[in-house]
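Here's coords-v1.txt, which has compact mmCIF, C-alpha atoms and all ligand atoms:
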# COMPACT_ATOMS: atom_id res chain seq x y z
CA MET T 207 -35.40 92.92 183.94
CA ALA T 208 -37.08 92.06 180.62
CA VAL T 209 -35.49 89.50 178.32
CA LEU T 210 -36.79 88.21 174.99
CA GLY T 211 -37.66 84.51 175.16
CA ILE T 212 -38.39 82.51 172.04
CA ASP T 213 -39.88 79.03 171.85
CA ILE T 214 -39.36 77.21 168.56
CA GLY T 215 -41.92 74.47 168.05
CA GLY T 216 -43.06 72.16 165.28
CA SER T 217 -46.04 74.37 164.40
CA GLY T 218 -45.30 77.82 165.81
CA ILE T 219 -42.40 80.06 166.82
CA LYS T 220 -43.44 82.15 169.80
CA GLY T 221 -41.69 85.12 171.30
CA ALA T 222 -42.43 87.31 174.30
CA LEU T 223 -40.70 89.83 176.47
CA VAL T 224 -40.35 88.14 179.82
CA ASP T 225 -40.37 90.03 183.07
CA LEU T 226 -37.86 87.97 185.04
CA ASP T 227 -38.87 89.45 188.37
CA ALA T 228 -42.49 88.47 187.91
CA GLY T 229 -41.82 85.29 185.91
CA ASP T 230 -44.44 86.26 183.35
CA PHE T 231 -44.87 87.88 179.96
CA LEU T 232 -44.59 91.61 179.73
CA GLY T 233 -47.35 92.33 177.22
CA GLU T 234 -48.56 90.06 174.45
CA ARG T 235 -46.64 87.18 172.97
CA HIS T 236 -46.13 87.10 169.21
CA ARG T 237 -46.50 83.87 167.24
CA ILE T 238 -45.27 83.17 163.73
CA LYS T 239 -46.07 79.91 161.95
CA THR T 240 -43.04 77.61 161.72
CA PRO T 241 -41.96 77.67 158.04
CA GLU T 242 -43.09 74.57 156.16
CA LYS T 243 -39.45 73.79 155.43
CA SER T 244 -38.00 74.54 158.85
CA THR T 245 -34.41 74.86 157.61
CA PRO T 246 -31.82 76.82 159.61
CA SER T 247 -31.99 79.82 157.28
CA ALA T 248 -35.82 79.91 157.26
CA VAL T 249 -35.98 79.77 161.08
CA ALA T 250 -33.21 82.37 161.40
CA GLU T 251 -35.36 84.77 159.36
CA VAL T 252 -38.30 84.25 161.71
CA MET T 253 -35.99 85.00 164.65
CA LEU T 254 -35.11 88.33 163.05
CA GLU T 255 -38.80 89.05 162.41
CA LEU T 256 -39.54 88.50 166.11
CA VAL T 257 -36.68 90.74 167.23
CA ARG T 258 -37.97 93.47 164.92
CA HIS T 259 -41.52 93.01 166.17
CA PHE T 260 -40.40 93.63 169.75
CA GLN T 261 -37.80 96.24 168.70
CA TYR T 262 -35.54 94.33 171.07
CA ASP T 263 -31.91 94.82 171.83
CA GLY T 264 -30.22 92.52 174.36
CA PRO T 265 -29.65 88.85 175.18
CA ILE T 266 -32.18 86.39 173.76
CA GLY T 267 -33.04 82.92 175.03
CA CYS T 268 -34.25 80.30 172.61
CA GLY T 269 -35.86 76.93 173.31
CA PHE T 270 -35.28 74.53 170.44
CA PRO T 271 -36.83 71.05 169.86
CA ALA T 272 -33.57 69.06 169.66
CA VAL T 273 -30.52 68.03 171.64
CA ILE T 274 -28.47 71.20 172.08
CA ARG T 275 -24.84 70.96 173.16
CA ASP T 276 -22.88 74.19 173.47
CA GLY T 277 -25.39 75.89 171.18
CA VAL T 278 -25.12 73.20 168.48
CA ALA T 279 -28.17 71.13 167.44
CA CYS T 280 -27.31 67.44 167.58
CA SER T 281 -30.65 65.87 166.62
CA ALA T 282 -33.73 66.79 164.58
CA ALA T 283 -36.82 64.68 165.30
CA ASN T 284 -39.56 67.20 164.44
CA ILE T 285 -37.55 69.81 162.57
CA ASP T 286 -35.61 69.91 159.29
CA GLN T 287 -32.67 67.47 159.21
CA LYS T 288 -30.34 70.26 158.07
CA TRP T 289 -30.26 71.36 161.71
CA ILE T 290 -28.00 68.51 162.74
CA GLY T 291 -24.56 70.00 163.34
CA THR T 292 -25.79 73.61 162.98
CA ASN T 293 -24.56 76.07 165.60
CA ALA T 294 -27.90 77.66 166.49
CA ASP T 295 -26.33 80.19 168.88
CA GLN T 296 -24.03 81.47 166.16
CA LEU T 297 -26.63 81.46 163.39
CA PHE T 298 -29.30 83.27 165.45
CA SER T 299 -26.81 85.73 166.93
CA GLU T 300 -25.72 86.64 163.40
CA SER T 301 -29.26 86.87 162.02
CA THR T 302 -30.60 89.01 164.90
CA GLY T 303 -27.50 91.02 165.81
CA ASN T 304 -28.03 90.09 169.48
CA PRO T 305 -26.41 87.36 171.60
CA VAL T 306 -28.68 84.28 171.44
CA TYR T 307 -28.47 81.37 173.89
CA THR T 308 -30.18 78.19 172.76
CA LEU T 309 -31.23 75.20 174.85
CA ASN T 310 -33.56 72.24 174.44
CA ASP T 311 -37.22 73.37 174.53
CA ALA T 312 -38.31 70.99 177.28
CA ASP T 313 -35.28 71.94 179.37
CA ALA T 314 -36.41 75.55 178.96
CA ALA T 315 -39.96 74.71 180.09
CA GLY T 316 -38.55 72.80 183.05
CA LEU T 317 -36.32 75.73 184.08
CA ALA T 318 -39.36 78.01 184.09
CA GLU T 319 -41.45 75.63 186.20
CA MET T 320 -38.56 75.12 188.64
CA THR T 321 -38.04 78.88 188.94
CA TYR T 322 -41.59 80.25 189.01
CA GLY T 323 -44.03 77.34 188.79
CA VAL T 324 -44.86 74.02 190.39
CA GLY T 325 -41.21 73.06 190.89
CA ARG T 326 -40.38 76.14 192.94
CA GLU T 327 -41.27 74.26 196.12
CA GLN T 328 -39.46 71.15 194.94
CA GLN T 329 -35.77 71.98 195.11
CA ARG T 330 -34.87 68.59 196.63
CA GLY T 331 -35.18 65.18 195.04
CA VAL T 332 -35.93 64.19 191.45
CA VAL T 333 -38.38 66.18 189.33
CA LEU T 334 -39.35 65.15 185.81
CA MET T 335 -41.03 67.69 183.58
CA LEU T 336 -42.87 66.50 180.45
CA THR T 337 -44.02 68.67 177.57
CA LEU T 338 -46.70 67.02 175.50
CA GLY T 339 -46.95 68.63 172.09
CA THR T 340 -45.70 67.68 168.62
CA GLY T 341 -43.28 65.38 170.45
CA ILE T 342 -42.70 64.44 174.08
CA GLY T 343 -40.07 66.66 175.64
CA THR T 344 -38.48 65.88 178.99
CA ALA T 345 -36.42 67.78 181.55
CA LEU T 346 -34.92 66.04 184.57
CA PHE T 347 -33.85 67.84 187.74
CA LEU T 348 -31.96 66.59 190.77
CA ASP T 349 -32.06 68.91 193.78
CA GLY T 350 -33.11 71.74 191.46
CA LYS T 351 -30.26 71.18 189.01
CA LEU T 352 -30.98 70.29 185.39
CA LEU T 353 -29.53 67.25 183.66
CA PRO T 354 -29.90 68.56 180.07
CA ASN T 355 -31.01 66.76 176.90
CA THR T 356 -32.66 63.70 178.44
CA GLU T 357 -34.80 63.06 175.32
CA LEU T 358 -37.04 60.51 177.00
CA GLY T 359 -39.66 60.99 174.30
CA HIS T 360 -37.53 58.64 172.25
CA VAL T 361 -37.52 55.78 174.75
CA GLU T 362 -38.98 52.80 172.91
CA ILE T 363 -42.39 51.50 173.97
CA ARG T 364 -44.10 48.67 172.08
CA GLY T 365 -41.45 48.97 169.39
CA LYS T 366 -41.97 52.70 168.78
CA ASP T 367 -40.66 55.98 170.12
CA ALA T 368 -42.82 56.93 173.12
CA GLU T 369 -43.73 60.23 171.44
CA ARG T 370 -45.03 58.52 168.30
CA ARG T 371 -47.63 56.75 170.46
CA ALA T 372 -48.39 59.25 173.18
CA SER T 373 -47.59 62.85 172.22
CA ASP T 374 -50.46 65.31 171.93
CA ALA T 375 -49.93 65.28 168.15
CA ALA T 376 -50.42 61.47 168.20
CA ARG T 377 -53.65 61.92 170.19
CA LYS T 378 -54.99 64.35 167.61
CA LYS T 379 -53.77 62.43 164.58
CA LYS T 380 -55.32 59.16 165.76
CA GLY T 381 -58.48 60.87 167.03
CA LEU T 382 -58.07 59.35 170.51
CA THR T 383 -60.35 60.26 173.38
CA PHE T 384 -58.61 61.49 176.53
CA TYR T 385 -59.39 58.09 178.07
CA GLN T 386 -57.76 56.18 175.19
CA TRP T 387 -54.80 58.54 175.15
CA SER T 388 -54.33 58.26 178.91
CA GLU T 389 -53.76 54.51 178.55
CA ARG T 390 -50.84 55.22 176.23
CA LEU T 391 -49.55 57.96 178.48
CA GLN T 392 -49.76 55.62 181.46
CA GLU T 393 -47.32 53.21 179.78
CA VAL T 394 -44.94 56.07 179.16
CA LEU T 395 -45.12 57.24 182.78
CA ASP T 396 -44.66 53.66 184.05
CA THR T 397 -41.49 53.41 181.99
CA TYR T 398 -40.13 56.73 183.26
CA GLU T 399 -40.94 55.79 186.85
CA LYS T 400 -39.12 52.47 186.44
CA LEU T 401 -36.06 54.28 185.11
CA PHE T 402 -35.84 57.35 187.39
CA SER T 403 -38.25 57.05 190.36
CA PRO T 404 -39.06 60.77 190.26
CA ASP T 405 -40.63 62.38 193.32
CA VAL T 406 -42.69 64.77 191.21
CA ILE T 407 -43.80 64.66 187.57
CA ILE T 408 -44.93 67.94 186.03
CA VAL T 409 -47.10 67.63 182.93
CA GLY T 410 -46.87 70.58 180.56
CA GLY T 411 -47.30 71.49 176.91
CA GLY T 412 -50.38 72.98 175.25
CA VAL T 413 -52.57 70.03 176.25
CA SER T 414 -51.99 70.76 179.94
CA LYS T 415 -54.94 73.16 179.67
CA HIS T 416 -57.06 69.97 179.54
CA ALA T 417 -55.25 68.52 182.58
CA ASP T 418 -58.58 68.02 184.41
CA GLU T 419 -59.66 65.64 181.69
CA PHE T 420 -56.68 63.29 181.71
CA LEU T 421 -54.51 63.72 184.82
CA PRO T 422 -57.10 62.06 187.11
CA LEU T 423 -56.97 58.99 184.82
CA LEU T 424 -53.24 58.46 185.43
CA LYS T 425 -51.66 56.58 188.33
CA THR T 426 -48.11 57.27 189.44
CA ARG T 427 -46.01 56.76 192.54
CA ALA T 428 -44.67 60.27 191.99
CA VAL T 429 -46.84 63.27 192.75
CA LEU T 430 -48.35 64.23 189.39
CA LYS T 431 -48.96 67.92 188.81
CA PRO T 432 -50.11 70.01 185.86
CA ALA T 433 -47.64 72.69 184.78
CA TYR T 434 -48.42 76.04 186.28
CA LEU T 435 -47.11 78.12 183.39
CA ARG T 436 -48.84 75.96 180.77
CA ASN T 437 -47.55 76.75 177.29
CA LYS T 438 -45.83 79.95 178.44
CA ALA T 439 -43.18 77.82 180.17
CA GLY T 440 -40.88 77.30 177.16
CA THR T 441 -40.69 81.01 176.38
CA ILE T 442 -40.22 82.06 180.00
CA GLY T 443 -37.56 79.39 180.60
CA ALA T 444 -35.64 80.46 177.49
CA ALA T 445 -35.44 83.98 178.93
CA VAL T 446 -34.28 82.60 182.31
CA TYR T 447 -31.52 80.72 180.49
CA ALA T 448 -30.43 83.83 178.54
CA ARG T 449 -30.08 85.76 181.77
CA GLN T 450 -28.07 82.93 183.38
CA ARG T 451 -25.75 82.64 180.40
CA SER T 452 -25.33 86.34 179.66
CA THR T 453 -24.48 87.20 183.25
CA ALA T 454 -21.98 84.29 183.38
CA ASP T 455 -20.22 85.33 180.11
C1 LIG F 1 -37.20 66.16 170.47
C2 LIG F 1 -36.84 66.84 171.76
C3 LIG F 1 -37.89 67.87 172.12
C4 LIG F 1 -39.26 67.27 172.11
C5 LIG F 1 -40.35 68.30 172.37
C6 LIG F 1 -38.59 65.61 170.55
O1 LIG F 1 -38.95 65.02 169.34
O2 LIG F 1 -36.30 65.11 170.19
O3 LIG F 1 -35.57 67.43 171.65
O4 LIG F 1 -37.59 68.40 173.39
O5 LIG F 1 -39.52 66.66 170.86
O6 LIG F 1 -40.34 69.30 171.42
I'd like the structure from this file rewritten - as structure tokens, please.
Amino acid sequence: MAVLGIDIGGSGIKGALVDLDAGDFLGERHRIKTPEKSTPSAVAEVMLELVRHFQYDGPIGCGFPAVIRDGVACSAANIDQKWIGTNADQLFSESTGNPVYTLNDADAAGLAEMTYGVGREQQRGVVLMLTLGTGIGTALFLDGKLLPNTELGHVEIRGKDAERRASDAARKKKGLTFYQWSERLQEVLDTYEKLFSPDVIIVGGGVSKHADEFLPLLKTRAVLKPAYLRNKAGTIGAAVYARQRSTAD
């Protein structure tokens, strides 16, 4: 079964047809730059553009960088403030003419890793997935079940949101070496370990392609693993979610 997955990020909006049997893209993904003013109407237009690009008709999953409750965005850290209170499911379903199911982007990435990636073998205990990108996204699983919207990127460390100090965007903006960045990341991981004692921590996001350069610098009690699906995870997980939701409806 192929389902359209879309991953809305601070810099790009990526879509791909996802083969849910294989857990991988069916063909090329398509990326459109996130509009400078990422308002609900501007993003809804990009959604339509993606649906047209794939000539797609069917349920769509969408990973979105905010707290999402029942399809409604409840926060907006790295996206236009107008999103707060917007029903993304409704808006996107109207703009694309297809049923759209929205969830937090890191939760989507976590779902993909738990279904097809590193987490597949880890269906017992506590798994914490991190996505390091414009922000720090987190997804927390107990015995394979997601506790949505954990938002641990906003836990305060040294008086600042963890993601302001240690996201991949912070690394680039401050011109940090992987060694310097790993020291900041270590503090973040220490904090998460203190709070949740995860058995496994999966590190994802675009920067996970450089995992060899920074993962060996980090020390955790949990087993630390690079994401298997890298930056495909958000898109694949969104499609997994759409299938779950559309078959339950
Ligand atoms: C947002 C989260 C999101 C994360 C990664 C944070 O700023 O609050 O909802 O998952 O960035 O995009």
The residue from T:Leu382, T:Ala250, T:Met207, T:Ile342 with the smallest atom-to-atom distance to Asn293 of chain T, counting all atoms listed in the file, is T:Ala250
Any residue with an atom at most 9 Å from ligand LIG 1 (chain F) counts, using all atoms listed in the file. Which are they? Put them as an MDAnalysis selection string.
chainID T and resid 214:216 269:274 281:285 310:313 336:345 355:360 369:370 411
Counting all atoms listed in the file, what is within 12 Å of Leu254 of chain T, bar same-chain residues fewer than 5 positions away, as a ChimeraX atom specification?
/T:212,219,221,238,247-249,259-263,266,297-304,306
For Ile407 of chain T, work out the shell of residues within 10 Å, counting all atoms listed in the file and skipping chain neighbours fewer than 4 positions away, then give it as a PDB file with C-alpha atoms, in the coordinates of the input.
ATOM      1  CA  VAL T 324     -44.860  74.020 190.390  1.00  0.00           C
ATOM      2  CA  GLY T 325     -41.210  73.060 190.890  1.00  0.00           C
ATOM      3  CA  VAL T 332     -35.930  64.190 191.450  1.00  0.00           C
ATOM      4  CA  VAL T 333     -38.380  66.180 189.330  1.00  0.00           C
ATOM      5  CA  LEU T 334     -39.350  65.150 185.810  1.00  0.00           C
ATOM      6  CA  MET T 335     -41.030  67.690 183.580  1.00  0.00           C
ATOM      7  CA  LEU T 336     -42.870  66.500 180.450  1.00  0.00           C
ATOM      8  CA  LEU T 346     -34.920  66.040 184.570  1.00  0.00           C
ATOM      9  CA  LEU T 395     -45.120  57.240 182.780  1.00  0.00           C
ATOM     10  CA  TYR T 398     -40.130  56.730 183.260  1.00  0.00           C
ATOM     11  CA  GLU T 399     -40.940  55.790 186.850  1.00  0.00           C
ATOM     12  CA  SER T 403     -38.250  57.050 190.360  1.00  0.00           C
ATOM     13  CA  THR T 426     -48.110  57.270 189.440  1.00  0.00           C
ATOM     14  CA  ARG T 427     -46.010  56.760 192.540  1.00  0.00           C
ATOM     15  CA  ALA T 428     -44.670  60.270 191.990  1.00  0.00           C
ATOM     16  CA  VAL T 429     -46.840  63.270 192.750  1.00  0.00           C
ATOM     17  CA  LEU T 430     -48.350  64.230 189.390  1.00  0.00           C
ATOM     18  CA  LYS T 431     -48.960  67.920 188.810  1.00  0.00           C
ATOM     19  CA  PRO T 432     -50.110  70.010 185.860  1.00  0.00           C
ATOM     20  CA  ALA T 433     -47.640  72.690 184.780  1.00  0.00           C
TER      21      ALA T 433
END
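Taking all atoms listed in the file, the non-local environment of Gln450 of chain T within 10 Å (same-chain residues fewer than 5 positions away omitted) comprises Gly267, Tyr307, Ala444, Ala445 and Asp455 of chain T.
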What separates atom CA of Gly410 of chain T and atom CA of Leu232 of chain T is a distance of 21.2 Å
